[in-house]
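Input: a single structure, listed below in structure tokens.
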Amino acid sequence: MSLMPKGMREMFEMSRKKYMSHKDIAQELGLSEDDRRQVIIESVYVQLCF
């Protein structure tokens with residue numbers, strides 16, 4: 001996780017550690033749900049690769 005950019009890491013933690021919904025994360029960060037979903041997908045990929 002240390003290789004992730006700060007924003008990506010924050011969203012990953014909100015999703016996986018705080019069990020927040022996609023909608024809640026998007027609202028808290030002021031993003032669209034689609035934008036947030038893409039970042040979570042990318043962060044999971046980064047985790048699997050490293």
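Chains: A, B, ... in order of the structure tokens. Residues: from 1 per chain. Ligands: from 1, in order shown.
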
Review point. Counting only C-alpha atoms, what is within 7 Å of region 26-42 of chain A, bar same-chain residues fewer than 4 positions away, as a list in words?
Key: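 So, after excluding close chain neighbours, the residues are Met8, Met11, Phe12, His22 and Val46 of chain A.
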
Exercise for review: Check the DSSP output for the backbone and give back, as a PyMOL selection string, the residues of chain A in helix (DSSP H, G or I).
Suggested key: chain A and resi 6-16+22-29+33-49
